[in-house]
Amino acid sequence: MRAITILAAALAVAATVTASAMAADPLLPFPSAKAGPVFIAAHVTTTDGALSSWFKPGEQVTFRAFAIDRKTNKLVEAKDVKYFYVTIPSQPNVKLHFDPAVSMKNMPWTGTWTVPSTAAGQVSFRILIKLKAKRTGEFVQMPVATSQLNIASNAMPALGPAPTAQAVTAAGKPVLGVYVDSVNGTRPAGAAPRLVGCTQTNVFKRGEQFVLRAWGMELKTGDVLSTDNVKEAHFSIAGQPDTVLNWGAHGATGAKVFFWTNAWNIPATFPLGSTTVHVVYTLESGIVGTYDYDINIIP
Amino acid sequence: MKRLSGTFVGVAIFVAAAVTASSALAATPKPVLISGKYAGTASTKVEGDVVTISAAGTGSATMLGKGKITGAGTGDSSQQPCIPFGGTGTITGIVGTKITYKLLPGASSCGDEGGHVFSVKTKLTVVKATGKLLRAKGILTITGVYDRDAGTFSIKLFGTLKK
């Protein structure tokens, strides 16, 4: 009996030590070390599909998203869903509708929110999903203030027009869930910096600095992609050298999170119009996952 | 005599077979899983484009037990935001177990926008191992974070050696 008590005590101490060691681990990536069981990626855009994180009161904000069920490795469709909506503090929920015919091909879920005339400040929205199979998922914004959804009466109009939706989901069952967006870099080499740096946009002028941001998860394990499991990550743009994605800390001091980024200085001669950015992750295990993302280059 | 001789031959064959089998087994390297966490202090001194790095910390890992990790090297700060670096160091554990390592090319440390917090990823090759890891060879991976303002680091050490 005494031996059992000592064993139980030892196990309890070991569990406590393990738990505290895990709690002290500062390497948590965005949004957490594990994600799922349903992976969600979502964008905030104007009604015509131009990515933006700043809107004026009274404007319409479009949320678009895709989701992958880790259990089946399938993209979530209307028949799979019990609910899929955007929750906004002090606002009615925005239900997302599935319509691949009218939406961006690799983000077939959309919903629109009309910003109240009295709204102001940062909007900490979340997107929640529950499948009929009872599995759930949640999407939150990367905690970088200028790139989060903000409402301001003096918000700069989003650059347009939006890229034509060329990107499609890679063929076959996905092996990685990858979220990709882009922000304007604060140090453009060949154009004037925008009034607010690091705001979400998918429309860039020649000479501006395109900054790709990404995070993701391995669907099989639920592990978020980090230097622990990624051998190499990069993005490719036709006619340009590949750009390595770096794993690093971003955001305000005390609230930093880790995700993948790097910048590409858009040449003054780069062809105008929509172009597809091809993002590739190669894991230490040999698994390769890709995601295609559209941007528009304007004069 | 014949029977004795026959017995002797039989024993000799058995011994030879046993020795051959054990030699063959001994010649097959066994995988040794290493997984641990270390934390401590690190300093970086920048002169021109050269960053002189030194780090020392404590922690534990499988096979090594509780112990210390040290490292010293240089980096090239002309490359931003990810600074390539190299160096050497040791990881000591219990019962005389010690790894002397050298970082492989490709080690880099990527800073945030203000150069305050750096992510670190590098692979190290075991130059020499003693104690419980005597004659172990191979490559281990280090991932972690260096907080330049606080002068602290925390890392994970993982991989499989052969011994």
# chains A, B, ... in the order shown; residues from 1 in each chain; ligands from 1
>>> residues_around(residues="Arg194 in chain A", least_positions_apart="3", cutoff="8 Å", atoms="only C-alpha atoms", output="NGL selection string")
:A and (184 or 186 or 197)
>>> residues_around(residues="Ala42 in chain A", least_positions_apart="5", cutoff="7 Å", atoms="only C-alpha atoms", output="list in words")
Phe63, Arg64, Ala65 and Phe66 of chain A
>>> residues_around(residues="range 282-291 of chain A", least_positions_apart="5", cutoff="12 Å", atoms="only C-alpha atoms", output="MDAnalysis selection string")
(chainID A and resid 41 106:107 167:181 214:221 223:236 244:245 276:277) or (chainID B and resid 141 159)
>>> select_by_dssp(residues="chain B", states="strand (DSSP E)", output="ChimeraX atom specification")
/B:31-47,50-61,65-76,82-92,98-103,108-111,117-130,137-147,152-162
>>> closest_atom_pairs(of="chain B", to="chain A", cutoff="12 Å", atoms="only C-alpha atoms", output="JSON lines")
{"residue": "B:Ser35", "atom": "CA", "partner": "A:Asp228", "partner_atom": "CA", "distance": 11.9}
{"residue": "B:Gly36", "atom": "CA", "partner": "A:Ala21", "partner_atom": "CA", "distance": 11.3}
{"residue": "B:Lys37", "atom": "CA", "partner": "A:Asp25", "partner_atom": "CA", "distance": 9.2}
{"residue": "B:Tyr38", "atom": "CA", "partner": "A:Asp25", "partner_atom": "CA", "distance": 10.4}
{"residue": "B:Ala39", "atom": "CA", "partner": "A:Asp25", "partner_atom": "CA", "distance": 9.9}
{"residue": "B:Gly59", "atom": "CA", "partner": "A:Ala21", "partner_atom": "CA", "distance": 10.7}
{"residue": "B:Ser60", "atom": "CA", "partner": "A:Ala21", "partner_atom": "CA", "distance": 11.4}
{"residue": "B:Gln80", "atom": "CA", "partner": "A:Asn262", "partner_atom": "CA", "distance": 10.7}
{"residue": "B:Pro81", "atom": "CA", "partner": "A:Asn246", "partner_atom": "CA", "distance": 8.5}
{"residue": "B:Cys82", "atom": "CA", "partner": "A:Asn246", "partner_atom": "CA", "distance": 7.5}
{"residue": "B:Ile83", "atom": "CA", "partner": "A:Asn246", "partner_atom": "CA", "distance": 11.1}
{"residue": "B:Gly106", "atom": "CA", "partner": "A:Glu232", "partner_atom": "CA", "distance": 11.3}
{"residue": "B:Ala107", "atom": "CA", "partner": "A:Thr227", "partner_atom": "CA", "distance": 11.8}
{"residue": "B:Ser108", "atom": "CA", "partner": "A:Asn246", "partner_atom": "CA", "distance": 9.7}
{"residue": "B:Ser109", "atom": "CA", "partner": "A:Gly248", "partner_atom": "CA", "distance": 8.7}
{"residue": "B:Cys110", "atom": "CA", "partner": "A:Gly248", "partner_atom": "CA", "distance": 5.8}
{"residue": "B:Gly111", "atom": "CA", "partner": "A:Gly248", "partner_atom": "CA", "distance": 6.2}
{"residue": "B:Asp112", "atom": "CA", "partner": "A:Ala249", "partner_atom": "CA", "distance": 5.2}
{"residue": "B:Glu113", "atom": "CA", "partner": "A:His250", "partner_atom": "CA", "distance": 7.0}
{"residue": "B:Gly114", "atom": "CA", "partner": "A:His250", "partner_atom": "CA", "distance": 9.2}
{"residue": "B:Gly115", "atom": "CA", "partner": "A:Ala249", "partner_atom": "CA", "distance": 9.7}
{"residue": "B:His116", "atom": "CA", "partner": "A:Thr253", "partner_atom": "CA", "distance": 8.7}
{"residue": "B:Val117", "atom": "CA", "partner": "A:Ala249", "partner_atom": "CA", "distance": 6.4}
{"residue": "B:Phe118", "atom": "CA", "partner": "A:Gly248", "partner_atom": "CA", "distance": 6.5}
{"residue": "B:Ser119", "atom": "CA", "partner": "A:Gly248", "partner_atom": "CA", "distance": 5.3}
{"residue": "B:Val120", "atom": "CA", "partner": "A:Thr227", "partner_atom": "CA", "distance": 8.4}
{"residue": "B:Lys121", "atom": "CA", "partner": "A:Thr227", "partner_atom": "CA", "distance": 6.6}
{"residue": "B:Thr122", "atom": "CA", "partner": "A:Thr227", "partner_atom": "CA", "distance": 9.5}
{"residue": "B:Lys123", "atom": "CA", "partner": "A:Lys231", "partner_atom": "CA", "distance": 11.1}
{"residue": "B:Leu140", "atom": "CA", "partner": "A:Asp228", "partner_atom": "CA", "distance": 11.7}
{"residue": "B:Thr141", "atom": "CA", "partner": "A:Asp228", "partner_atom": "CA", "distance": 8.5}
{"residue": "B:Ile142", "atom": "CA", "partner": "A:Asp228", "partner_atom": "CA", "distance": 8.4}
{"residue": "B:Thr143", "atom": "CA", "partner": "A:Asp228", "partner_atom": "CA", "distance": 6.3}
{"residue": "B:Gly144", "atom": "CA", "partner": "A:Leu27", "partner_atom": "CA", "distance": 6.7}
{"residue": "B:Val145", "atom": "CA", "partner": "A:Leu27", "partner_atom": "CA", "distance": 7.0}
{"residue": "B:Tyr146", "atom": "CA", "partner": "A:Pro26", "partner_atom": "CA", "distance": 10.3}
{"residue": "B:Asp147", "atom": "CA", "partner": "A:Ala249", "partner_atom": "CA", "distance": 10.3}
{"residue": "B:Asp149", "atom": "CA", "partner": "A:Thr253", "partner_atom": "CA", "distance": 10.8}
{"residue": "B:Thr152", "atom": "CA", "partner": "A:Pro26", "partner_atom": "CA", "distance": 11.4}
{"residue": "B:Phe153", "atom": "CA", "partner": "A:Pro26", "partner_atom": "CA", "distance": 9.7}
{"residue": "B:Ser154", "atom": "CA", "partner": "A:Pro26", "partner_atom": "CA", "distance": 7.6}
{"residue": "B:Ile155", "atom": "CA", "partner": "A:Leu27", "partner_atom": "CA", "distance": 8.4}
{"residue": "B:Lys156", "atom": "CA", "partner": "A:Asp228", "partner_atom": "CA", "distance": 8.5}
{"residue": "B:Leu157", "atom": "CA", "partner": "A:Asp228", "partner_atom": "CA", "distance": 9.7}
{"residue": "B:Phe158", "atom": "CA", "partner": "A:Asp228", "partner_atom": "CA", "distance": 9.0}
{"residue": "B:Gly159", "atom": "CA", "partner": "A:Asp228", "partner_atom": "CA", "distance": 10.7}
>>> atom_distance(atom1="CA of Gly160 in chain A", atom2="CA of Pro143 in chain A")
25.0 Å
>>> residues_around(residues="Leu103 in chain B", least_positions_apart="3", cutoff="7 Å", atoms="only C-alpha atoms", output="PDB file with C-alpha atoms, in the first residue's frame")
ATOM      1  CA  GLY B  86      28.468  28.970 -37.066  1.00  0.00           C
ATOM      2  CA  GLY B  87      30.371  27.712 -34.078  1.00  0.00           C
ATOM      3  CA  THR B  88      31.207  24.896 -31.726  1.00  0.00           C
ATOM      4  CA  THR B 122      20.580  24.866 -36.709  1.00  0.00           C
ATOM      5  CA  LYS B 123      21.876  21.367 -37.131  1.00  0.00           C
ATOM      6  CA  LEU B 124      24.951  20.163 -35.284  1.00  0.00           C
ATOM      7  CA  THR B 125      27.249  17.292 -35.991  1.00  0.00           C
TER       8      THR B 125
END
>>> closest_residue(among="A:Thr136, A:Asn296, A:Ser124, A:Ser182", to="Asp69 in chain A", atoms="only C-alpha atoms")
A:Thr136
